[in-house]
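Peer 1: One file is attached below, structure-v4.txt, containing compact mmCIF, C-alpha atoms.
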# COMPACT_ATOMS: atom_id res chain seq x y z
CA MET A 1 -31.10 -15.38 -17.37
CA PRO A 2 -28.09 -16.65 -15.50
CA VAL A 3 -25.30 -14.21 -14.96
CA GLY A 4 -22.64 -14.29 -17.63
CA CYS A 5 -24.86 -15.50 -20.49
CA PRO A 6 -25.41 -12.77 -23.06
CA ALA A 7 -28.84 -12.27 -24.55
CA ASP A 8 -29.79 -14.23 -27.65
CA GLY A 9 -28.34 -12.82 -30.82
CA VAL A 10 -25.67 -10.88 -28.99
CA GLN A 11 -22.08 -12.04 -29.02
CA THR A 12 -23.16 -15.60 -29.75
CA GLU A 13 -19.73 -16.33 -31.12
CA GLN A 14 -18.30 -15.70 -27.69
CA ARG A 15 -20.42 -18.29 -25.98
CA GLY A 16 -18.96 -21.47 -24.69
CA LEU A 17 -16.67 -22.64 -21.97
CA VAL A 18 -13.77 -20.34 -21.28
CA LEU A 19 -10.64 -22.45 -20.87
CA SER A 20 -8.95 -20.46 -18.19
CA PRO A 21 -5.59 -20.97 -16.49
CA VAL A 22 -7.64 -21.99 -13.45
CA GLY A 23 -9.19 -24.76 -15.49
CA VAL A 24 -5.80 -25.98 -16.64
CA MET A 25 -4.52 -25.94 -13.07
CA ALA A 26 -7.63 -27.80 -11.94
CA ALA A 27 -6.60 -30.58 -14.28
CA VAL A 28 -3.26 -30.78 -12.50
CA PHE A 29 -4.57 -30.34 -8.94
CA ASN A 30 -7.80 -32.02 -7.89
CA LEU A 31 -9.89 -29.15 -6.54
CA ASN A 32 -13.11 -31.12 -6.28
CA HIS A 33 -13.08 -31.40 -2.52
CA PRO A 34 -13.47 -29.13 0.51
CA ALA A 35 -10.46 -26.94 1.24
CA HIS A 36 -7.69 -28.45 3.34
CA THR A 37 -7.27 -26.47 6.52
CA VAL A 38 -4.80 -26.07 9.35
CA ASP A 39 -6.48 -26.10 12.75
CA TRP A 40 -4.82 -25.22 16.02
CA GLU A 41 -6.93 -24.06 18.96
CA PHE A 42 -9.01 -21.16 17.60
CA ILE A 43 -6.77 -20.75 14.53
CA HIS A 44 -8.46 -22.05 11.39
CA LEU A 45 -6.56 -21.36 8.16
CA SER A 46 -6.75 -22.80 4.69
CA VAL A 47 -3.55 -24.43 3.50
CA SER A 48 -3.31 -21.94 0.63
CA ASN A 49 -3.37 -19.03 3.08
CA VAL A 50 -0.74 -20.72 5.23
CA VAL A 51 1.45 -21.10 2.14
CA VAL A 52 1.11 -17.37 1.37
CA ILE A 53 1.95 -16.40 4.97
CA VAL A 54 5.01 -18.67 4.96
CA LEU A 55 6.09 -17.18 1.63
CA MET A 56 5.79 -13.67 3.07
CA PHE A 57 8.05 -14.64 5.99
CA ILE A 58 10.60 -16.17 3.61
CA VAL A 59 10.60 -13.09 1.36
CA PHE A 60 10.86 -10.80 4.40
CA PHE A 61 13.94 -12.54 5.78
CA LEU A 62 15.53 -12.86 2.34
CA ALA A 63 15.02 -9.12 1.80
CA ILE A 64 16.93 -8.44 5.00
CA LEU A 65 19.69 -10.97 4.47
CA LEU A 66 20.40 -10.84 0.74
CA PRO A 67 22.88 -8.19 -0.37
CA PHE A 68 21.52 -5.50 -2.65
CA PRO A 69 23.37 -5.24 -5.99
CA GLY A 70 25.99 -2.50 -5.77
CA ALA A 71 25.36 -1.74 -2.10
CA THR A 72 28.88 -2.66 -0.99
CA SER A 73 30.59 -0.64 -3.71
CA ARG A 74 28.41 2.38 -2.88
CA ARG A 75 29.30 2.09 0.81
CA VAL A 76 33.01 1.85 0.03
CA ALA A 77 32.82 4.81 -2.34
CA ARG A 78 31.01 6.83 0.30
CA ARG A 79 33.67 6.06 2.92
CA ARG A 80 36.46 6.98 0.53
CA GLY A 81 34.70 10.17 -0.47
CA GLY A 82 34.12 11.07 3.16
CA SER A 83 30.68 12.40 2.42
CA SER A 84 27.71 11.71 4.66
CA MET B 1 6.39 78.88 12.15
CA SER B 2 7.91 75.54 11.60
CA SER B 3 7.15 73.52 8.56
CA VAL B 4 5.92 69.99 9.12
CA ALA B 5 7.13 67.41 6.72
CA PRO B 6 4.28 65.48 5.17
CA ASP B 7 3.88 61.89 6.21
CA PRO B 8 5.43 59.49 3.77
CA PRO B 9 2.86 57.63 1.78
CA VAL B 10 1.92 54.41 3.44
CA THR B 11 2.58 51.46 1.18
CA HIS B 12 0.90 48.17 1.81
CA ALA B 13 2.36 45.00 0.56
CA PRO B 14 0.00 43.57 -2.00
CA GLU B 15 -2.14 40.92 -0.40
CA LYS B 16 -1.27 37.49 -1.60
CA SER B 17 -3.94 35.52 -3.33
CA TRP B 18 -4.77 32.03 -2.06
CA THR B 19 -3.08 30.47 -5.06
CA VAL B 20 0.19 32.23 -4.19
CA LYS B 21 -0.12 31.16 -0.57
CA VAL B 22 -0.78 27.55 -1.53
CA ARG B 23 2.11 27.58 -4.02
CA GLU B 24 4.55 29.06 -1.53
CA ALA B 25 3.47 26.64 1.19
CA GLY B 26 3.81 23.72 -1.22
CA VAL B 27 7.26 24.73 -2.43
CA ALA B 28 8.40 25.38 1.15
CA ALA B 29 7.22 21.94 2.29
CA LEU B 30 8.39 20.09 -0.79
CA PRO B 31 11.01 21.89 -2.85
CA PRO B 32 11.51 20.31 -6.31
CA GLU B 33 14.78 18.60 -5.36
CA LYS B 34 12.98 16.93 -2.45
CA LEU B 35 9.85 16.07 -4.38
CA LEU B 36 11.76 14.42 -7.23
CA PRO B 37 15.19 13.54 -5.84
CA ASP B 38 17.93 12.11 -8.04
CA GLY B 39 19.58 10.16 -5.23
CA GLN B 40 18.82 8.34 -2.02
CA PRO B 41 20.85 7.72 1.15
CA THR B 42 23.23 4.76 1.02
CA TYR B 43 21.17 2.73 3.48
CA VAL B 44 18.27 2.61 1.01
CA ALA B 45 20.32 0.14 -1.05
CA SER B 46 18.61 -2.83 0.60
CA TRP B 47 15.88 -5.17 -0.63
CA ILE B 48 13.70 -4.39 2.37
CA TYR B 49 13.26 -0.84 1.06
CA MET B 50 11.87 -2.13 -2.24
CA PHE B 51 8.47 -3.30 -1.03
CA GLY B 52 6.89 0.13 -0.83
CA VAL B 53 7.49 0.77 -4.51
CA ALA B 54 6.45 -2.83 -5.27
CA SER B 55 3.12 -2.06 -3.60
CA ILE B 56 2.72 1.06 -5.73
CA ALA B 57 3.60 -0.84 -8.91
CA SER B 58 0.96 -3.44 -8.05
CA LEU B 59 -1.56 -0.70 -7.34
CA ILE B 60 -0.98 0.81 -10.79
CA VAL B 61 -1.69 -2.60 -12.39
CA ILE B 62 -4.79 -2.97 -10.18
CA ILE B 63 -6.14 0.42 -11.25
CA GLY B 64 -5.38 -0.26 -14.93
CA SER B 65 -6.91 -3.74 -15.08
CA GLY B 66 -9.83 -2.65 -12.89
CA SER B 67 -10.56 0.29 -15.19
CA ILE B 68 -10.78 -2.08 -18.18
CA LEU B 69 -13.08 -4.43 -16.23
CA ALA B 70 -15.25 -1.48 -15.18
CA LEU B 71 -15.52 -0.26 -18.78
CA LYS B 72 -16.71 -3.66 -19.97
CA GLY B 73 -19.04 -4.35 -17.07
CA PRO B 74 -18.97 -6.76 -14.14
CA ALA B 75 -20.20 -9.82 -16.10
CA TRP B 76 -17.74 -9.48 -19.02
CA TRP B 77 -15.11 -11.75 -17.51
CA HIS B 78 -17.56 -14.63 -17.30
CA TYR B 79 -18.07 -15.19 -21.03
CA THR B 80 -14.91 -13.99 -22.82
CA GLY B 81 -11.34 -15.19 -22.62
CA VAL B 82 -10.03 -11.62 -22.75
CA GLY B 83 -12.31 -10.67 -19.89
CA HIS B 84 -11.13 -13.65 -17.88
CA PHE B 85 -7.52 -12.65 -18.61
CA PHE B 86 -8.03 -9.12 -17.28
CA ASN B 87 -9.94 -10.46 -14.29
CA SER B 88 -6.97 -12.73 -13.51
CA ILE B 89 -4.56 -9.81 -13.92
CA HIS B 90 -6.74 -7.84 -11.52
CA LEU B 91 -6.88 -10.67 -8.97
CA TRP B 92 -3.18 -11.47 -8.99
CA SER B 93 -2.10 -7.82 -8.87
CA VAL B 94 -4.26 -7.49 -5.76
CA GLU B 95 -2.55 -10.57 -4.29
CA LEU B 96 0.85 -9.02 -5.04
CA PHE B 97 -0.29 -5.65 -3.66
CA PHE B 98 -1.20 -7.14 -0.29
CA PHE B 99 1.85 -9.42 -0.27
CA ALA B 100 4.21 -6.48 -0.88
CA MET B 101 2.29 -4.20 1.47
CA VAL B 102 2.46 -6.69 4.35
CA VAL B 103 6.23 -7.21 3.91
CA HIS B 104 6.60 -3.40 3.67
CA LEU B 105 4.58 -3.06 6.89
CA TRP B 106 6.72 -5.64 8.70
CA GLY B 107 9.93 -4.00 7.55
CA LYS B 108 8.82 -0.53 8.61
CA TYR B 109 7.45 -1.79 11.92
CA TRP B 110 10.78 -3.34 12.90
CA MET B 111 12.58 -0.18 11.77
CA ALA B 112 10.20 1.89 13.96
CA SER B 113 9.68 4.07 10.94
CA TRP B 114 7.67 6.64 12.89
CA ARG B 115 10.98 7.96 14.26
CA GLY B 116 12.27 11.41 13.39
CA GLY B 117 8.90 13.15 13.06
CA ARG B 118 7.52 10.54 10.69
CA SER B 119 4.36 9.71 12.63
CA ARG B 120 2.10 10.93 9.82
CA VAL B 121 3.99 8.75 7.34
CA TRP B 122 3.31 5.73 9.53
CA ILE B 123 -0.34 6.67 10.12
CA THR B 124 -1.14 7.20 6.43
CA GLY B 125 0.49 3.86 5.61
CA ALA B 126 -1.44 2.01 8.30
CA VAL B 127 -4.75 3.64 7.31
CA THR B 128 -4.07 2.78 3.66
CA PHE B 129 -3.71 -0.87 4.66
CA LEU B 130 -6.97 -0.75 6.61
CA VAL B 131 -8.90 0.95 3.79
CA ALA B 132 -7.47 -1.45 1.18
CA ILE B 133 -9.02 -4.43 2.99
CA PRO B 134 -12.70 -3.45 2.44
CA CYS B 135 -11.70 -2.29 -1.04
CA ALA B 136 -10.61 -5.86 -1.81
CA LEU B 137 -13.50 -7.51 0.02
CA THR B 138 -16.10 -5.50 -1.92
CA GLY B 139 -14.40 -6.91 -5.02
CA TYR B 140 -15.11 -10.44 -3.84
CA VAL B 141 -18.83 -9.65 -3.60
CA SER B 142 -18.77 -7.98 -7.04
CA GLN B 143 -17.76 -11.12 -8.90
CA GLN B 144 -21.31 -11.93 -10.07
CA ASN B 145 -21.07 -15.64 -9.26
CA PHE B 146 -21.94 -18.13 -6.54
CA ASP B 147 -18.76 -17.27 -4.65
CA ALA B 148 -19.92 -13.65 -4.39
CA GLN B 149 -23.37 -14.77 -3.27
CA TRP B 150 -21.91 -17.01 -0.59
CA ILE B 151 -19.53 -14.34 0.72
CA SER B 152 -22.13 -11.56 0.72
CA THR B 153 -24.81 -13.61 2.48
CA GLN B 154 -22.32 -14.74 5.11
CA ALA B 155 -20.74 -11.30 5.60
CA LYS B 156 -24.07 -9.48 5.88
CA ASP B 157 -24.62 -11.21 9.21
CA ALA B 158 -21.35 -9.80 10.50
CA MET B 159 -22.37 -6.32 9.37
CA ASN B 160 -25.85 -6.65 10.88
CA SER B 161 -24.45 -7.92 14.18
CA VAL B 162 -22.47 -4.71 14.66
CA GLY B 163 -25.28 -2.46 13.47
CA ALA B 164 -23.65 -1.46 10.19
CA GLY B 165 -26.04 -3.35 7.93
CA ALA B 166 -28.28 -0.34 7.38
CA PHE B 167 -25.37 1.61 5.90
CA PHE B 168 -23.30 -1.17 4.37
CA ASN B 169 -25.56 -3.79 2.81
CA LEU B 170 -23.51 -6.69 1.47
CA THR B 171 -26.45 -8.03 -0.55
CA ASN B 172 -26.89 -4.70 -2.39
CA PHE B 173 -24.73 -5.30 -5.47
CA GLY B 174 -24.98 -1.70 -6.71
CA GLN B 175 -23.75 -0.34 -3.41
CA MET B 176 -20.90 -2.85 -3.16
CA TYR B 177 -19.85 -2.25 -6.76
CA SER B 178 -19.84 1.52 -6.23
CA TYR B 179 -17.70 1.10 -3.16
CA HIS B 180 -15.36 -1.23 -5.03
CA VAL B 181 -14.82 0.71 -8.26
CA LEU B 182 -15.11 4.30 -7.04
CA LEU B 183 -15.28 5.28 -3.38
CA LEU B 184 -12.68 2.99 -1.81
CA PRO B 185 -10.17 3.15 -4.71
CA ILE B 186 -10.28 6.96 -4.51
CA ALA B 187 -9.57 6.72 -0.79
CA VAL B 188 -6.70 4.26 -1.31
CA VAL B 189 -5.09 6.30 -4.09
CA ALA B 190 -5.46 9.55 -2.10
CA LEU B 191 -3.91 7.95 0.97
CA VAL B 192 -1.06 6.45 -1.04
CA GLY B 193 -0.45 9.87 -2.62
CA ALA B 194 -0.34 11.54 0.80
CA HIS B 195 1.92 8.74 2.10
CA VAL B 196 4.42 9.17 -0.75
CA LEU B 197 4.47 12.97 -0.42
CA LEU B 198 5.11 12.64 3.31
CA VAL B 199 7.94 10.19 2.64
CA ARG B 200 9.41 12.70 0.19
CA LYS B 201 9.08 15.46 2.78
CA HIS B 202 10.61 13.61 5.72
CA GLY B 203 12.94 11.28 3.83
CA VAL B 204 13.23 7.51 4.06
CA VAL B 205 13.63 6.35 7.64
CA PRO B 206 17.26 5.45 8.44
CA PRO B 207 18.20 2.18 10.13
CA PHE B 208 18.89 2.10 13.86
CA GLU B 209 22.36 3.29 14.67
CA LEU B 210 23.25 0.22 16.66
CA ALA B 211 26.96 0.94 16.95
CA ARG B 212 26.32 4.41 18.35
CA ARG B 213 23.67 3.12 20.71
CA LYS B 214 25.97 0.35 22.02
CA ALA B 215 28.79 2.85 22.53
CA ALA B 216 26.48 5.22 24.38
CA LEU B 217 25.23 2.41 26.62
CA ALA B 218 28.78 1.27 27.33
CA THR B 219 29.85 4.81 28.17
CA ALA B 220 26.89 5.30 30.44
CA ALA B 221 27.55 1.99 32.20
CA SER B 222 31.25 2.69 32.73
CA ALA B 223 30.55 6.20 34.01
CA GLY B 224 28.12 4.80 36.56
CA SER B 225 25.43 7.14 35.43
CA ASP B 226 21.74 6.35 35.32
CA GLY B 227 22.26 4.59 32.03
CA SER B 228 19.94 6.63 29.87
CA PRO B 229 21.31 6.44 26.35
CA ALA B 230 21.14 10.13 25.63
CA GLY B 231 21.64 11.03 22.01
CA ALA B 232 21.30 7.45 20.89
CA ASP B 233 17.80 7.76 19.59
CA GLY B 234 18.61 6.53 16.18
CA GLY B 235 16.34 9.07 14.64
CA ALA B 236 19.11 10.94 12.90
CA GLN B 237 18.36 11.85 9.35
CA SER B 238 20.74 11.64 6.52
So, in terms of structure tokens, how does the structure I just supplied come out?
Peer 2:
Amino acid sequence: MPVGCPADGVQTEQRGLVLSPVGVMAAVFNLNHPAHTVDWEFIHLSVSNVVVIVLMFIVFFLAILLPFPGATSRRVARRRGGSS
Amino acid sequence: MSSVAPDPPVTHAPEKSWTVKVREAGVAALPPEKLLPDGQPTYVASWIYMFGVASIASLIVIIGSGSILALKGPAWWHYTGVGHFFNSIHLWSVELFFFAMVVHLWGKYWMASWRGGRSRVWITGAVTFLVAIPCALTGYVSQQNFDAQWISTQAKDAMNSVGAGAFFNLTNFGQMYSYHVLLLPIAVVALVGAHVLLVRKHGVVPPFELARRKAALATAASAGSDGSPAGADGGAQS
């Protein structure tokens, strides 16, 4: 019996194709091909992994550069209060 | 004949039980106001300090969704929409966990967060990252599909080539599943717990005191000394 198919008479109402978000996305993006990769010397990365790495860099630099809500007012209040 | 005063009765302090010793050591290391603080230093008001707690939040979702998947069995997500939903929650919370953990790692690396006696904080964090990787990879080989078969049959060669195949057999589903749902999650959660307690004990690492360091360097240069920036370590705690 293939994995994922319940035995006869058990949960028969649950049989059938599960329309998953992945399936919906597959209708938007054609996934029926080998993965696109980025190759440079010994580096061999799938495009999806490259996208995640780039996103991590962007989030990292934004986290450093973007002001935190209320940070300035807290700093000013601390200076006025003279506490450490 | 002189009278000799009797020796005073010797009183021994009652020996402390191990529970008392453990309690006193615990309270001394982590008093309640340190364990559950109601405020943080001003410098913590920065987005870069948020990724540690984002990792923990993701881990909670991973454990919750993984527990439901474990209760229903490894094949459940293949034939029910609800199972597929929880499998997707589990997958994407893992993606977020590693995303947040890597940004957290980068941030702490560039802050040199092992300063000020925080080496154990750094080590527990780094080991957590290393243990989380096989925890995730054993999940890939527990999917019960062709993807899992492909990954396990490819990865077994790597294990065999380094002599670990006898102990860590990628094609043994029961072993991989046990690692994935029990042994490695326990290790990750224990390490994260130790990491958080150590952060509470030592406090969040402060940023480098650049202004002080520059001033110290300028003073040293103008004085014609050897230039060692004494006292400009940047490891001061709030």
Peer 1: Near range 156-165 of chain B, within 12 Å and counting all atoms listed in the file, which residues show up once chain neighbours fewer than 6 positions away are dropped, as a ChimeraX atom specification?
Peer 2: /B:138,141,148-150,171-172,175-176
Peer 1: Could you list, as number ranges by chain, every residue of chain B that has an atom within 6 Å of an atom of chain A, counting all atoms listed in the file?
Peer 2: B: 45-48, 75, 78-79, 81, 103
Peer 1: Padding 4 Å on every side, please: axis-aligned box over the listed atoms of range 56-70 of chain A, centre and edge lengths to one decimal in Å, as JSON.
Peer 2:
{"center_x": 15.9, "center_y": -9.3, "center_z": 0.0, "size_x": 28.2, "size_y": 21.7, "size_z": 20.0}
Peer 1: So that I can see what lies close to range 28-43 of chain B, please list as a count of residues only the residues with an atom at most 12 Å from it, counting only C-alpha atoms and leaving out residues fewer than 4 positions away in the same chain.
Peer 2: 39
Peer 1: CA of Ala54 in chain B and CA of Ala100 in chain B, how far apart in Å?
Peer 2: 6.1 Å
Peer 1: Neighbours of Ala194 in chain B within 10 Å (all atoms listed in the file; same-chain residues fewer than 4 positions away dropped), as a list in words?
Peer 2: Arg120, Val121, Thr124, Gly125, Thr128, Val188, Val189, Ala190, Leu198, Val199 and Arg200 of chain B
Peer 1: Could you pull the residues within 12 Å of Ala136 in chain B, counting all atoms listed in the file, minus those fewer than 2 positions along the same chain, as a PyMOL selection string?
Peer 2: chain B and resi 59+62+66+90-95+97-98+129-134+138-143+176-177+179-181+184-185+188
Peer 1: Interatomic distance between CA of Ala112 in chain B and CA of Ile56 in chain B?
Peer 2: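 Distance reported for this atom pair: 21.1 Å.
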Peer 1: Any idea what the distance is between CA of Ser46 in chain A and CA of Pro34 in chain A?
Peer 2: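 CA of Ser46 in chain A sits 10.1 Å away from CA of Pro34 in chain A.
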Peer 1: Some atoms are missing, so please complete range 14-36 of chain B with N, CA and C atoms and return it as a compact mmCIF listing (two decimals), keeping the file's coordinate frame.
Peer 2:
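Listing of rebuild-v7.txt after writing:
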# COMPACT_ATOMS: atom_id res chain seq x y z
N PRO B 14 1.18 44.13 -1.35
CA PRO B 14 0.00 43.57 -2.00
C PRO B 14 -0.40 42.24 -1.34
N GLU B 15 -1.67 42.14 -1.06
CA GLU B 15 -2.14 40.92 -0.40
C GLU B 15 -1.99 39.73 -1.34
N LYS B 16 -1.49 38.67 -0.77
CA LYS B 16 -1.27 37.49 -1.60
C LYS B 16 -2.59 36.76 -1.83
N SER B 17 -2.75 36.31 -3.03
CA SER B 17 -3.94 35.52 -3.33
C SER B 17 -3.77 34.12 -2.74
N TRP B 18 -4.86 33.38 -2.66
CA TRP B 18 -4.77 32.03 -2.06
C TRP B 18 -3.93 31.09 -2.90
N THR B 19 -3.91 31.35 -4.22
CA THR B 19 -3.08 30.47 -5.06
C THR B 19 -1.60 30.67 -4.76
N VAL B 20 -1.22 31.96 -4.53
CA VAL B 20 0.19 32.23 -4.19
C VAL B 20 0.54 31.60 -2.85
N LYS B 21 -0.39 31.73 -1.90
CA LYS B 21 -0.12 31.16 -0.57
C LYS B 21 0.04 29.65 -0.65
N VAL B 22 -0.85 29.01 -1.41
CA VAL B 22 -0.78 27.55 -1.53
C VAL B 22 0.52 27.15 -2.23
N ARG B 23 0.89 27.90 -3.29
CA ARG B 23 2.11 27.58 -4.02
C ARG B 23 3.34 27.71 -3.12
N GLU B 24 3.38 28.84 -2.39
CA GLU B 24 4.55 29.06 -1.53
C GLU B 24 4.63 28.03 -0.42
N ALA B 25 3.47 27.67 0.14
CA ALA B 25 3.47 26.64 1.19
C ALA B 25 3.91 25.29 0.61
N GLY B 26 3.44 24.99 -0.59
CA GLY B 26 3.81 23.72 -1.22
C GLY B 26 5.29 23.64 -1.53
N VAL B 27 5.83 24.72 -2.08
CA VAL B 27 7.26 24.73 -2.43
C VAL B 27 8.12 24.71 -1.17
N ALA B 28 7.63 25.39 -0.10
CA ALA B 28 8.40 25.38 1.15
C ALA B 28 8.42 23.98 1.76
N ALA B 29 7.29 23.29 1.70
CA ALA B 29 7.22 21.94 2.29
C ALA B 29 7.95 20.92 1.41
N LEU B 30 7.80 21.07 0.13
CA LEU B 30 8.39 20.09 -0.79
C LEU B 30 9.08 20.80 -1.94
N PRO B 31 10.28 21.29 -1.73
CA PRO B 31 11.01 21.89 -2.85
C PRO B 31 11.26 20.84 -3.94
N PRO B 32 11.42 21.27 -5.20
CA PRO B 32 11.51 20.31 -6.31
C PRO B 32 12.57 19.24 -6.11
N GLU B 33 13.72 19.60 -5.53
CA GLU B 33 14.78 18.60 -5.36
C GLU B 33 14.41 17.56 -4.31
N LYS B 34 13.45 17.90 -3.44
CA LYS B 34 12.98 16.93 -2.45
C LYS B 34 11.83 16.10 -3.01
N LEU B 35 11.00 16.76 -3.81
CA LEU B 35 9.85 16.07 -4.38
C LEU B 35 10.28 15.01 -5.39
N LEU B 36 11.25 15.36 -6.22
CA LEU B 36 11.76 14.42 -7.23
C LEU B 36 13.28 14.31 -7.10
